[in-house]
$ cat query16.cif   # mmCIF, C-alpha atoms and all ligand atoms
data_protein
loop_
_atom_site.label_atom_id
_atom_site.label_comp_id
_atom_site.auth_asym_id
_atom_site.auth_seq_id
_atom_site.Cartn_x
_atom_site.Cartn_y
_atom_site.Cartn_z
CA MET V 1 97.75 100.92 98.82
CA PHE V 2 97.37 102.09 102.43
CA SER V 3 99.62 104.61 104.00
CA ILE V 4 100.00 104.73 107.77
CA SER V 5 97.02 106.54 109.28
CA PRO V 6 97.99 109.64 111.28
CA VAL V 7 97.65 110.15 115.04
CA GLN V 8 96.63 113.50 116.38
CA ALA V 9 95.90 115.08 119.75
CA MET V 10 92.33 116.13 120.51
CA ASN V 11 90.81 118.03 123.37
CA PHE V 12 88.22 115.91 125.12
CA GLU V 13 86.46 117.40 128.14
CA GLY V 14 89.42 119.60 128.97
CA ARG V 15 91.96 116.79 128.59
CA SER V 16 94.19 115.95 125.68
CA ILE V 17 93.75 112.45 124.26
CA TYR V 18 95.13 110.96 121.05
CA ILE V 19 93.06 109.96 118.03
CA LYS V 20 94.21 107.33 115.55
CA ARG V 21 92.69 108.66 112.32
CA ASP V 22 91.78 105.44 110.53
CA ASP V 23 89.06 107.51 108.86
CA LEU V 24 91.91 109.09 106.84
CA LEU V 25 93.47 105.78 105.78
CA HIS V 26 92.52 106.33 102.15
CA ALA V 27 90.20 108.71 100.31
CA ASP V 28 87.68 106.05 99.21
CA PHE V 29 88.61 103.03 101.25
CA GLY V 30 89.04 104.05 104.86
CA GLY V 31 88.04 103.15 108.37
CA ASN V 32 87.22 99.93 110.09
CA LYS V 33 85.85 98.06 107.08
CA ALA V 34 88.87 98.93 104.93
CA ARG V 35 91.12 97.39 107.61
CA LYS V 36 88.92 94.31 107.59
CA PHE V 37 88.85 93.91 103.81
CA TYR V 38 92.53 94.80 103.28
CA HIS V 39 93.27 91.07 103.05
CA PHE V 40 91.59 90.81 99.66
CA LEU V 41 93.88 93.44 98.14
CA HIS V 42 97.04 91.70 99.24
CA HIS V 43 96.36 88.11 98.42
CA ASP V 44 95.68 86.45 95.13
CA TYR V 45 91.97 86.52 94.47
CA SER V 46 92.27 86.43 90.68
CA HIS V 47 89.88 83.43 90.58
CA VAL V 48 87.11 85.65 92.03
CA THR V 49 84.67 87.51 89.80
CA GLN V 50 81.97 88.42 92.27
CA ILE V 51 81.37 89.37 95.91
CA VAL V 52 78.20 88.16 97.61
CA ALA V 53 77.36 89.74 100.96
CA SER V 54 74.48 90.73 103.17
CA GLY V 55 73.64 93.31 105.81
CA SER V 56 71.86 96.60 106.31
CA ALA V 57 71.15 98.95 103.40
CA GLN V 58 73.03 101.72 105.23
CA ALA V 59 76.01 99.73 106.47
CA ASN V 60 79.58 100.94 106.20
CA SER V 61 80.51 97.49 104.91
CA LEU V 62 78.13 97.90 101.96
CA TYR V 63 80.01 100.98 100.85
CA SER V 64 83.51 99.59 101.52
CA LEU V 65 82.75 96.36 99.66
CA SER V 66 81.41 98.37 96.71
CA VAL V 67 84.76 100.21 96.54
CA LEU V 68 86.65 96.92 96.72
CA ALA V 69 84.48 95.36 94.00
CA LYS V 70 84.86 98.34 91.73
CA GLN V 71 88.63 98.42 92.12
CA GLN V 72 88.98 94.73 91.42
CA GLY V 73 86.45 94.72 88.58
CA TRP V 74 84.20 92.29 90.47
CA LYS V 75 80.42 92.15 90.39
CA PHE V 76 78.80 92.73 93.76
CA ASP V 77 75.47 91.35 94.96
CA TYR V 78 74.35 92.57 98.39
CA TYR V 79 71.30 91.13 100.13
CA VAL V 80 69.22 93.16 102.56
CA SER V 81 66.17 92.17 104.59
CA HIS V 82 64.46 95.48 103.83
CA ILE V 83 65.08 98.97 102.49
CA SER V 84 63.12 101.83 104.01
CA GLU V 85 60.75 103.73 101.76
CA PHE V 86 62.55 106.94 102.74
CA LEU V 87 65.92 105.64 101.53
CA LEU V 88 64.39 104.38 98.27
CA GLN V 89 62.92 107.82 97.65
CA HIS V 90 66.02 109.70 98.84
CA PRO V 91 69.09 107.56 98.16
CA GLN V 92 72.03 108.93 100.16
CA GLY V 93 75.05 108.02 102.28
CA ASN V 94 76.52 104.52 102.05
CA TYR V 95 73.54 103.23 100.07
CA ALA V 96 73.73 105.85 97.30
CA ALA V 97 77.53 105.69 97.07
CA ALA V 98 77.46 101.88 96.81
CA ILE V 99 74.92 102.00 93.99
CA GLN V 100 77.12 104.51 92.21
CA ASN V 101 79.98 102.04 92.49
CA GLY V 102 77.82 99.42 90.78
CA ALA V 103 76.53 97.46 93.79
CA ASN V 104 73.47 95.36 93.08
CA ILE V 105 71.38 95.70 96.25
CA ILE V 106 68.72 93.03 96.50
CA ASP V 107 65.77 93.17 98.87
CA VAL V 108 65.03 89.52 99.76
CA ARG V 109 61.32 90.33 100.21
CA HIS V 110 61.10 90.95 96.48
CA LEU V 111 62.56 87.63 95.37
CA THR V 112 60.24 84.98 93.92
CA ASP V 113 61.46 82.73 96.75
CA ALA V 114 60.57 85.31 99.43
CA LYS V 115 58.02 83.09 101.20
CA ASN V 116 60.63 80.40 101.87
CA LEU V 117 63.16 82.92 103.16
CA GLU V 118 60.86 84.51 105.70
CA GLY V 119 62.13 84.28 109.27
CA MET V 120 65.60 83.14 108.17
CA HIS V 121 68.71 84.92 109.41
CA LEU V 122 69.96 87.10 106.56
CA ASP V 123 73.28 85.25 106.18
CA ASP V 124 71.36 81.95 105.95
CA ALA V 125 68.92 83.39 103.43
CA MET V 126 71.89 84.49 101.32
CA GLN V 127 73.39 80.97 101.44
CA HIS V 128 70.04 79.51 100.46
CA ILE V 129 69.66 81.86 97.49
CA VAL V 130 73.20 81.19 96.30
CA SER V 131 72.75 77.42 96.44
CA SER V 132 69.50 77.48 94.46
CA ASP V 133 70.08 80.27 91.92
CA PRO V 134 71.78 78.92 88.74
CA SER V 135 73.45 82.26 88.06
CA TYR V 136 75.71 81.46 91.04
CA ALA V 137 76.62 78.04 89.62
CA ASP V 138 80.39 78.52 89.73
CA LYS V 139 81.05 78.79 93.46
CA LYS V 140 84.82 79.12 93.04
CA GLN V 141 84.35 82.56 91.55
CA LEU V 142 82.31 83.84 94.48
CA LEU V 143 83.66 85.59 97.53
CA PHE V 144 81.29 85.48 100.51
CA ILE V 145 81.48 88.13 103.20
CA PRO V 146 79.44 87.58 106.38
CA GLU V 147 77.53 90.49 107.88
CA GLY V 148 79.75 93.23 109.26
CA GLY V 149 82.94 91.63 107.88
CA ARG V 150 83.04 89.26 110.80
CA CYS V 151 85.55 86.79 109.37
CA GLU V 152 89.08 85.55 109.95
CA TYR V 153 90.33 87.49 106.90
CA ALA V 154 89.88 90.64 108.98
CA GLU V 155 92.97 89.80 111.03
CA THR V 156 95.39 90.66 108.18
CA GLY V 157 94.51 94.36 108.11
CA ILE V 158 94.10 94.58 111.88
CA ALA V 159 97.64 93.16 112.30
CA GLN V 160 98.83 96.13 110.29
CA LEU V 161 96.85 98.47 112.57
CA ALA V 162 98.46 96.85 115.64
CA SER V 163 101.96 97.30 114.27
CA GLU V 164 101.30 100.97 113.40
CA ILE V 165 100.15 101.59 116.97
CA ILE V 166 103.11 99.80 118.57
CA GLN V 167 105.51 101.77 116.37
CA TRP V 168 103.81 105.04 117.27
CA ALA V 169 103.90 104.27 120.99
CA GLN V 170 107.62 103.47 120.75
CA ASP V 171 108.30 106.71 118.88
CA GLN V 172 106.40 108.60 121.57
CA GLN V 173 108.37 106.72 124.25
CA LYS V 174 105.16 105.66 125.92
CA LYS V 175 105.50 103.55 129.06
CA GLN V 176 101.88 102.61 128.91
CA LEU V 177 99.02 103.01 126.50
CA LYS V 178 95.31 102.37 126.60
CA ILE V 179 93.77 101.84 123.18
CA PHE V 180 90.04 102.44 123.13
CA LEU V 181 87.58 101.60 120.36
CA PRO V 182 83.82 101.00 120.43
CA SER V 183 82.73 97.53 119.26
CA GLY V 184 79.95 96.22 117.08
CA THR V 185 80.72 92.56 116.46
CA GLY V 186 83.93 92.89 118.51
CA THR V 187 86.03 91.50 115.64
CA THR V 188 88.33 94.51 115.48
CA ALA V 189 88.93 94.79 119.23
CA ALA V 190 89.55 91.03 119.60
CA TYR V 191 92.03 90.73 116.74
CA LEU V 192 93.70 94.00 117.69
CA ASN V 193 94.37 92.79 121.23
CA LYS V 194 95.56 89.40 119.96
CA GLN V 195 97.95 91.08 117.53
CA ILE V 196 99.27 93.52 120.14
CA ILE V 197 100.05 90.59 122.43
CA GLN V 198 101.65 88.50 119.68
CA GLN V 199 103.69 91.31 118.18
CA GLN V 200 104.97 92.51 121.53
CA ALA V 201 105.98 88.96 122.43
CA LYS V 202 108.59 89.21 119.64
CA LEU V 203 110.14 92.37 121.09
CA LEU V 204 112.99 92.66 123.55
CA LEU V 205 111.61 92.93 127.06
CA MET V 206 112.91 96.49 127.43
CA ASP V 207 110.91 97.56 124.36
CA VAL V 208 107.60 96.12 125.52
CA ILE V 209 104.98 98.73 126.41
CA ALA V 210 102.11 98.11 128.82
CA ILE V 211 99.33 98.28 126.23
CA GLU V 212 95.76 97.58 127.16
CA VAL V 213 92.92 97.34 124.64
CA LEU V 214 89.65 98.69 126.00
CA THR V 215 86.32 98.50 124.25
CA CYS V 216 82.61 98.86 124.92
CA SER V 217 79.49 97.27 123.56
CA THR V 218 77.15 99.20 121.28
CA VAL V 219 75.04 96.11 120.52
CA GLY V 220 73.52 93.65 122.95
CA GLY V 221 75.56 94.32 126.10
CA ASP V 222 78.85 93.14 127.61
CA GLU V 223 78.02 89.45 127.89
CA TYR V 224 77.04 89.24 124.23
CA LEU V 225 80.28 90.96 123.26
CA ARG V 226 82.28 88.47 125.32
CA GLN V 227 80.51 85.65 123.49
CA GLN V 228 81.48 87.21 120.16
CA PHE V 229 85.13 87.38 121.27
CA SER V 230 85.06 83.71 122.25
CA GLN V 231 84.24 82.73 118.67
CA LEU V 232 87.34 84.50 117.37
CA VAL V 233 90.18 84.38 119.92
CA ASP V 234 91.33 82.61 123.12
CA GLU V 235 90.23 84.10 126.41
CA VAL V 236 93.73 85.44 127.18
CA CYS V 237 93.28 87.73 124.17
CA PHE V 238 89.91 89.17 125.17
CA PRO V 239 90.03 92.98 125.31
CA ASN V 240 88.74 94.65 128.47
CA ILE V 241 85.10 95.62 128.18
CA ILE V 242 84.16 98.80 130.02
CA ASN V 243 80.74 100.43 130.37
CA ASP V 244 79.10 103.46 131.92
CA GLY V 245 76.14 101.67 133.41
CA HIS V 246 73.87 102.43 130.46
CA LYS V 247 72.64 99.79 128.07
CA TYR V 248 72.87 100.96 124.47
CA HIS V 249 70.72 99.72 121.62
CA PHE V 250 72.37 99.83 118.24
CA GLY V 251 71.16 102.66 116.04
CA LYS V 252 68.71 103.97 118.63
CA LEU V 253 68.64 107.76 118.71
CA SER V 254 69.28 109.26 122.12
CA ARG V 255 69.77 112.78 123.36
CA ARG V 256 72.94 111.80 125.30
CA CYS V 257 74.48 110.34 122.16
CA PHE V 258 73.59 113.34 120.04
CA ASP V 259 74.98 115.77 122.64
CA MET V 260 78.22 113.79 122.90
CA TRP V 261 78.57 113.69 119.13
CA ASN V 262 78.16 117.47 118.95
CA THR V 263 80.72 117.92 121.71
CA VAL V 264 83.43 115.79 120.08
CA CYS V 265 82.80 117.25 116.63
CA GLN V 266 83.63 120.69 118.04
CA SER V 267 87.24 119.52 118.09
CA GLY V 268 87.18 119.91 114.31
CA ILE V 269 87.21 116.16 113.67
CA GLU V 270 83.97 114.71 112.35
CA PHE V 271 83.01 111.46 114.11
CA GLU V 272 80.26 109.06 113.11
CA LEU V 273 76.89 108.72 114.81
CA LEU V 274 76.44 105.00 115.51
CA TYR V 275 79.51 103.85 117.42
CA ASP V 276 81.45 106.99 118.37
CA PRO V 277 78.87 108.67 120.65
CA VAL V 278 78.65 105.51 122.76
CA GLY V 279 82.43 105.18 122.67
CA PHE V 280 83.00 108.70 123.97
CA LEU V 281 80.29 108.45 126.64
CA VAL V 282 81.92 105.31 128.00
CA LEU V 283 85.40 106.81 127.70
CA GLN V 284 84.24 109.91 129.58
CA HIS V 285 82.96 107.73 132.40
CA TYR V 286 86.21 105.78 132.41
CA LEU V 287 88.39 108.90 132.60
CA ASN V 288 86.26 110.29 135.42
CA SER V 289 86.42 107.12 137.49
CA ASN V 290 90.02 105.98 136.97
CA THR V 291 93.36 107.58 137.62
CA VAL V 292 94.73 107.44 134.15
CA SER V 293 96.56 110.10 132.21
CA ALA V 294 94.52 111.24 129.23
CA THR V 295 97.67 111.39 127.10
CA ASP V 296 97.96 107.62 127.52
CA ILE V 297 94.61 107.16 125.74
CA LEU V 298 94.53 106.41 122.02
CA TYR V 299 91.01 106.43 120.61
CA ILE V 300 90.62 104.79 117.22
CA HIS V 301 88.47 106.76 114.79
CA GLN V 302 87.12 103.89 112.70
CA GLY V 303 85.65 106.00 109.90
CA GLY V 304 82.03 105.62 108.84
CA VAL V 305 81.24 109.32 108.48
CA LEU V 306 79.52 108.72 105.14
CA GLY V 307 76.77 107.10 107.21
CA ASN V 308 76.17 110.50 108.86
CA LYS V 309 74.41 111.54 105.67
CA THR V 310 71.52 109.30 106.72
CA MET V 311 71.95 109.37 110.52
CA LEU V 312 72.27 113.12 110.99
CA PRO V 313 68.94 114.00 109.30
CA ARG V 314 67.28 111.39 111.52
CA TYR V 315 68.75 113.05 114.61
CA GLN V 316 67.81 116.49 113.34
CA ARG V 317 64.22 115.44 112.70
CA LYS V 318 64.00 113.93 116.17
CA PHE V 319 65.73 116.51 118.35
CA LEU V 320 65.96 119.73 116.37
CA HIS V 321 62.66 119.42 114.53
CA THR V 322 64.30 120.82 111.45
CA VAL V 323 63.95 119.25 107.97
C1 LIG V 401 82.05 98.24 111.66
C2 LIG V 401 82.41 99.40 112.50
C3 LIG V 401 82.68 99.27 113.88
C4 LIG V 401 82.58 97.96 114.63
O1 LIG V 401 83.61 97.04 114.33
P1 LIG V 401 83.52 95.56 114.93
O2 LIG V 401 84.77 94.91 114.43
O3 LIG V 401 82.29 94.93 114.33
O4 LIG V 401 83.43 95.64 116.40
C5 LIG V 401 82.98 100.43 114.61
N1 LIG V 401 83.02 101.64 114.02
C6 LIG V 401 82.78 101.79 112.70
C7 LIG V 401 82.81 103.16 112.12
C8 LIG V 401 82.46 100.69 111.90
O5 LIG V 401 82.23 100.85 110.58
#
$ encode --input "query16.cif" --output "structure tokens" --more "lines below"
Ligand SMILES: *Cc1c(COP(=O)(O)O)cnc(C)c1O
Amino acid sequence: MFSISPVQAMNFEGRSIYIKRDDLLHADFGGNKARKFYHFLHHDYSHVTQIVASGSAQANSLYSLSVLAKQQGWKFDYYVSHISEFLLQHPQGNYAAAIQNGANIIDVRHLTDAKNLEGMHLDDAMQHIVSSDPSYADKKQLLFIPEGGRCEYAETGIAQLASEIIQWAQDQQKKQLKIFLPSGTGTTAAYLNKQIIQQQAKLLLMDVIAIEVLTCSTVGGDEYLRQQFSQLVDEVCFPNIINDGHKYHFGKLSRRCFDMWNTVCQSGIEFELLYDPVGFLVLQHYLNSNTVSATDILYIHQGGVLGNKTMLPRYQRKFLHTV
């Protein structure tokens, strides 16, 4: 169902870099989470009748899983640790779209068992609920997705991404290429680098391109990201983590991030507000401190712009004092 996502040139700080438009992968099922959940469209999951997942009420994975569930005719229960009063009053973005697709979003604080779940990690709380609730009796029919789609299934769709990039680089007759993408859990960057290495190992030596996968942390810092990689791939497959000396806190509103988002959106491409501003700030630092040709940079736009419907008003309230 996916076509190959396009690559286009974009002006960034007076240089021309390339953008891999994974946000345009598919009208309803695009971006990072679509790559991660691609596996379930291309393997036999006819025994499944329901997805059970957990995460934030505004997450991109909530929306993408709701699309998947709707397409497959599956029920979808999604556990959250809280929903803000504002979002309940003004449903929008990923949350509203997921509900429209039939997602059943469950606030664990409102369950009869809430007392016992307090202090538990959300994924553990979900496991606990599923094992004790009789409506989940038939486990074979359930498909569990850990928070953020951090699972081995993700590699199937990311392998496809790797092969699209290698093919593009060959068509462009690139000698070298630096792929850059901002990380959350690091799942995408780790599997992408592993796949690039494995797929290039099957090529004739003369066709191999010097491809480096670069990423940055948007959650918890570089060491935490390295730990996340180590749970998924061997150390030889770790992508290179770069930083700009700042420590970023996920979802925290900052002037630098907002300014960078405004700058890159002037290119005519809309980026998202959680990962991309950090990504471009780190990339800017990298370009200014390394001798690398900008045309050898391929930045992956991992989608998520539906989340801007909730993030942008927050930024506007904070820095523009509108709304
Ligand atoms: C989930 C997501 C990421 C982070 O992907 P990881 O594999 O968790 O590192 C980055 N950008 C967007 C838009 C996402 O939705």
$ closest_atom_pairs --input "query16.cif" --of "chain V" --to "ligand LIG 401 (chain V)" --cutoff "6 Å" --atoms "all atoms listed in the file" --output "CSV"
residue,atom,partner,partner_atom,distance
V:Asn32,CA,V:LIG401,O5,5.1
V:Lys33,CA,V:LIG401,O5,5.8
V:Asn60,CA,V:LIG401,O5,5.1
V:Gly148,CA,V:LIG401,O3,5.9
V:Pro182,CA,V:LIG401,C5,5.9
V:Ser183,CA,V:LIG401,O4,3.5
V:Gly184,CA,V:LIG401,O4,3.6
V:Thr185,CA,V:LIG401,O3,3.6
V:Gly186,CA,V:LIG401,O4,3.5
V:Thr187,CA,V:LIG401,O2,3.8
V:Thr188,CA,V:LIG401,O2,3.7
V:Tyr275,CA,V:LIG401,N1,5.4
V:Gln302,CA,V:LIG401,C7,4.4
V:Gly303,CA,V:LIG401,C7,4.6
V:Gly304,CA,V:LIG401,C7,4.2
$ write_last_selection --input "query16.cif" --atoms "C-alpha atoms" --output "short mmCIF file (atom, residue, chain, number, x, y, z; two decimals), in the frame of the given file"
data_model
loop_
_atom_site.label_atom_id
_atom_site.label_comp_id
_atom_site.auth_asym_id
_atom_site.auth_seq_id
_atom_site.Cartn_x
_atom_site.Cartn_y
_atom_site.Cartn_z
CA ASN V 32 87.22 99.93 110.09
CA LYS V 33 85.85 98.06 107.08
CA ASN V 60 79.58 100.94 106.20
CA GLY V 148 79.75 93.23 109.26
CA PRO V 182 83.82 101.00 120.43
CA SER V 183 82.73 97.53 119.26
CA GLY V 184 79.95 96.22 117.08
CA THR V 185 80.72 92.56 116.46
CA GLY V 186 83.93 92.89 118.51
CA THR V 187 86.03 91.50 115.64
CA THR V 188 88.33 94.51 115.48
CA TYR V 275 79.51 103.85 117.42
CA GLN V 302 87.12 103.89 112.70
CA GLY V 303 85.65 106.00 109.90
CA GLY V 304 82.03 105.62 108.84
#
$ closest_residue --input "query16.cif" --among "V:Tyr191, V:His43, V:Arg15, V:Ser293" --to "V:Glu152" --atoms "all atoms listed in the file"
V:Tyr191
$ atom_distance --input "query16.cif" --atom1 "atom CA of V:Thr218" --atom2 "atom CA of V:Tyr248"
5.6 Å
$ axis_aligned_box --input "query16.cif" --around "stretch 41-53 of chain V" --padding-each-side "8 Å" --output "lines of an AutoDock Vina configuration file"
center_x = 87.2
center_y = 88.4
center_z = 95.4
size_x = 35.7
size_y = 26.0
size_z = 27.2
$ atom_distance --input "query16.cif" --atom1 "atom CA of V:Leu283" --atom2 "atom CA of V:Asp259"
14.6 Å
$ residues_around --input "query16.cif" --residues "V:Tyr78" --least-positions-apart "4" --cutoff "7 Å" --atoms "all atoms listed in the file" --output "list in words"
Val52, Ala53, Ser54, Asn104, Ile105 and Ile106 of chain V
$ atom_distance --input "query16.cif" --atom1 "atom CA of V:Ile19" --atom2 "atom CA of V:Gly268"
12.1 Å
$ closest_residue --input "query16.cif" --among "V:Ser64, V:Gln195, V:Gln167, V:Ser5" --to "V:Phe37" --atoms "only C-alpha atoms"
V:Ser64
$ residues_around --input "query16.cif" --residues "V:Ser66" --least-positions-apart "3" --cutoff "6 Å" --atoms "all atoms listed in the file" --output "list in words"
Tyr63, Ala69, Ala98, Asn101 and Ala103 of chain V
$ residues_near_point --input "query16.cif" --point "(78.9, 84.7, 92.7)" --cutoff "8 Å" --atoms "all atoms listed in the file" --output "PyMOL selection string"
chain V and resi 49-52+75+77+130+135-139+141-143
$ closest_residue --input "query16.cif" --among "V:His82, V:Asp113, V:Ile297, V:Arg150" --to "V:Leu181" --atoms "only C-alpha atoms"
V:Ile297
$ closest_atom_pairs --input "query16.cif" --of "stretch 86-179 of chain V" --to "stretch 207-212 of chain V" --cutoff "6 Å" --atoms "all atoms listed in the file" --output "JSON lines"
{"residue": "V:Lys175", "atom": "CA", "partner": "V:Ile209", "partner_atom": "CA", "distance": 5.5}
{"residue": "V:Gln176", "atom": "CA", "partner": "V:Ala210", "partner_atom": "CA", "distance": 4.5}
{"residue": "V:Leu177", "atom": "CA", "partner": "V:Ile211", "partner_atom": "CA", "distance": 4.7}
{"residue": "V:Lys178", "atom": "CA", "partner": "V:Glu212", "partner_atom": "CA", "distance": 4.8}
$ closest_residue --input "query16.cif" --among "V:Ile4, V:Leu161, V:Leu25, V:Leu312" --to "V:Asn262" --atoms "all atoms listed in the file"
V:Leu312
$ closest_residue --input "query16.cif" --among "V:Gln127, V:Thr156, V:Ser163, V:Ser16" --to "V:Ile197" --atoms "all atoms listed in the file"
V:Ser163
$ residues_around --input "query16.cif" --residues "V:Glu13" --least-positions-apart "6" --cutoff "12 Å" --atoms "all atoms listed in the file" --output "ChimeraX atom specification"
/V:260,263-264,266-267,280-281,283-285,287-288,294
$ closest_residue --input "query16.cif" --among "V:Arg35, V:Arg21, V:His42, V:Lys252" --to "V:Gly157" --atoms "all atoms listed in the file"
V:Arg35
$ residues_around --input "query16.cif" --residues "V:Ala189" --least-positions-apart "5" --cutoff "12 Å" --atoms "only C-alpha atoms" --output "NGL selection string"
:V and (32 or 36 or 150 or 154-155 or 158-159 or 161-162 or 179-184 or 194-196 or 212-217 or 225-226 or 228-229 or 232-233 or 237-241 or 299-300 or 302)
$ build_atoms --input "query16.cif" --residues "stretch 138-145 of chain V" --atoms "all heavy atoms" --output "PDB file, keeping the file's coordinate frame"
ATOM      1  N   ASP V 138      78.965  78.730  89.499  1.00  0.00           N
ATOM      2  CA  ASP V 138      80.390  78.520  89.730  1.00  0.00           C
ATOM      3  C   ASP V 138      80.843  79.133  91.057  1.00  0.00           C
ATOM      4  O   ASP V 138      81.264  80.284  91.139  1.00  0.00           O
ATOM      5  CB  ASP V 138      81.190  79.114  88.560  1.00  0.00           C
ATOM      6  CG  ASP V 138      82.637  78.635  88.599  1.00  0.00           C
ATOM      7  OD1 ASP V 138      83.049  78.040  89.621  1.00  0.00           O
ATOM      8  OD2 ASP V 138      83.354  78.862  87.607  1.00  0.00           O
ATOM      9  N   LYS V 139      80.774  78.300  92.090  1.00  0.00           N
ATOM     10  CA  LYS V 139      81.050  78.790  93.460  1.00  0.00           C
ATOM     11  C   LYS V 139      82.485  79.283  93.647  1.00  0.00           C
ATOM     12  O   LYS V 139      82.739  80.122  94.495  1.00  0.00           O
ATOM     13  CB  LYS V 139      80.752  77.695  94.484  1.00  0.00           C
ATOM     14  CG  LYS V 139      79.335  77.143  94.434  1.00  0.00           C
ATOM     15  CD  LYS V 139      78.321  78.115  95.034  1.00  0.00           C
ATOM     16  CE  LYS V 139      76.924  77.521  95.052  1.00  0.00           C
ATOM     17  NZ  LYS V 139      76.315  77.416  93.704  1.00  0.00           N
ATOM     18  N   LYS V 140      83.403  78.737  92.863  1.00  0.00           N
ATOM     19  CA  LYS V 140      84.820  79.120  93.040  1.00  0.00           C
ATOM     20  C   LYS V 140      85.038  80.595  92.751  1.00  0.00           C
ATOM     21  O   LYS V 140      85.970  81.193  93.252  1.00  0.00           O
ATOM     22  CB  LYS V 140      85.708  78.307  92.074  1.00  0.00           C
ATOM     23  CG  LYS V 140      85.919  76.863  92.502  1.00  0.00           C
ATOM     24  CD  LYS V 140      87.021  76.188  91.692  1.00  0.00           C
ATOM     25  CE  LYS V 140      86.813  76.177  90.174  1.00  0.00           C
ATOM     26  NZ  LYS V 140      85.595  75.461  89.737  1.00  0.00           N
ATOM     27  N   GLN V 141      84.163  81.155  91.931  1.00  0.00           N
ATOM     28  CA  GLN V 141      84.350  82.560  91.550  1.00  0.00           C
ATOM     29  C   GLN V 141      83.727  83.532  92.553  1.00  0.00           C
ATOM     30  O   GLN V 141      83.854  84.728  92.408  1.00  0.00           O
ATOM     31  CB  GLN V 141      83.712  82.810  90.174  1.00  0.00           C
ATOM     32  CG  GLN V 141      84.332  81.960  89.092  1.00  0.00           C
ATOM     33  CD  GLN V 141      83.700  82.203  87.740  1.00  0.00           C
ATOM     34  OE1 GLN V 141      82.767  82.984  87.611  1.00  0.00           O
ATOM     35  NE2 GLN V 141      84.209  81.522  86.736  1.00  0.00           N
ATOM     36  N   LEU V 142      83.037  82.976  93.542  1.00  0.00           N
ATOM     37  CA  LEU V 142      82.310  83.840  94.480  1.00  0.00           C
ATOM     38  C   LEU V 142      83.118  84.067  95.747  1.00  0.00           C
ATOM     39  O   LEU V 142      83.765  83.160  96.262  1.00  0.00           O
ATOM     40  CB  LEU V 142      80.973  83.202  94.853  1.00  0.00           C
ATOM     41  CG  LEU V 142      80.033  82.820  93.711  1.00  0.00           C
ATOM     42  CD1 LEU V 142      78.763  82.192  94.269  1.00  0.00           C
ATOM     43  CD2 LEU V 142      79.693  84.032  92.857  1.00  0.00           C
ATOM     44  N   LEU V 143      83.045  85.267  96.249  1.00  0.00           N
ATOM     45  CA  LEU V 143      83.660  85.590  97.530  1.00  0.00           C
ATOM     46  C   LEU V 143      82.543  85.997  98.493  1.00  0.00           C
ATOM     47  O   LEU V 143      81.856  86.992  98.255  1.00  0.00           O
ATOM     48  CB  LEU V 143      84.653  86.743  97.336  1.00  0.00           C
ATOM     49  CG  LEU V 143      85.407  87.243  98.562  1.00  0.00           C
ATOM     50  CD1 LEU V 143      86.235  86.137  99.189  1.00  0.00           C
ATOM     51  CD2 LEU V 143      86.310  88.411  98.167  1.00  0.00           C
ATOM     52  N   PHE V 144      82.347  85.197  99.539  1.00  0.00           N
ATOM     53  CA  PHE V 144      81.290  85.480 100.510  1.00  0.00           C
ATOM     54  C   PHE V 144      81.819  86.299 101.668  1.00  0.00           C
ATOM     55  O   PHE V 144      82.850  85.967 102.243  1.00  0.00           O
ATOM     56  CB  PHE V 144      80.732  84.179 101.092  1.00  0.00           C
ATOM     57  CG  PHE V 144      79.927  83.414 100.110  1.00  0.00           C
ATOM     58  CD1 PHE V 144      80.466  82.314  99.474  1.00  0.00           C
ATOM     59  CD2 PHE V 144      78.628  83.797  99.811  1.00  0.00           C
ATOM     60  CE1 PHE V 144      79.728  81.612  98.543  1.00  0.00           C
ATOM     61  CE2 PHE V 144      77.890  83.103  98.880  1.00  0.00           C
ATOM     62  CZ  PHE V 144      78.433  81.998  98.246  1.00  0.00           C
ATOM     63  N   ILE V 145      81.096  87.321 102.037  1.00  0.00           N
ATOM     64  CA  ILE V 145      81.480  88.130 103.200  1.00  0.00           C
ATOM     65  C   ILE V 145      80.320  88.115 104.187  1.00  0.00           C
ATOM     66  O   ILE V 145      79.233  88.593 103.869  1.00  0.00           O
ATOM     67  CB  ILE V 145      81.773  89.584 102.800  1.00  0.00           C
ATOM     68  CG1 ILE V 145      82.750  89.671 101.616  1.00  0.00           C
ATOM     69  CG2 ILE V 145      82.276  90.372 104.002  1.00  0.00           C
ATOM     70  CD1 ILE V 145      84.182  89.380 101.931  1.00  0.00           C
TER      71      ILE V 145
END
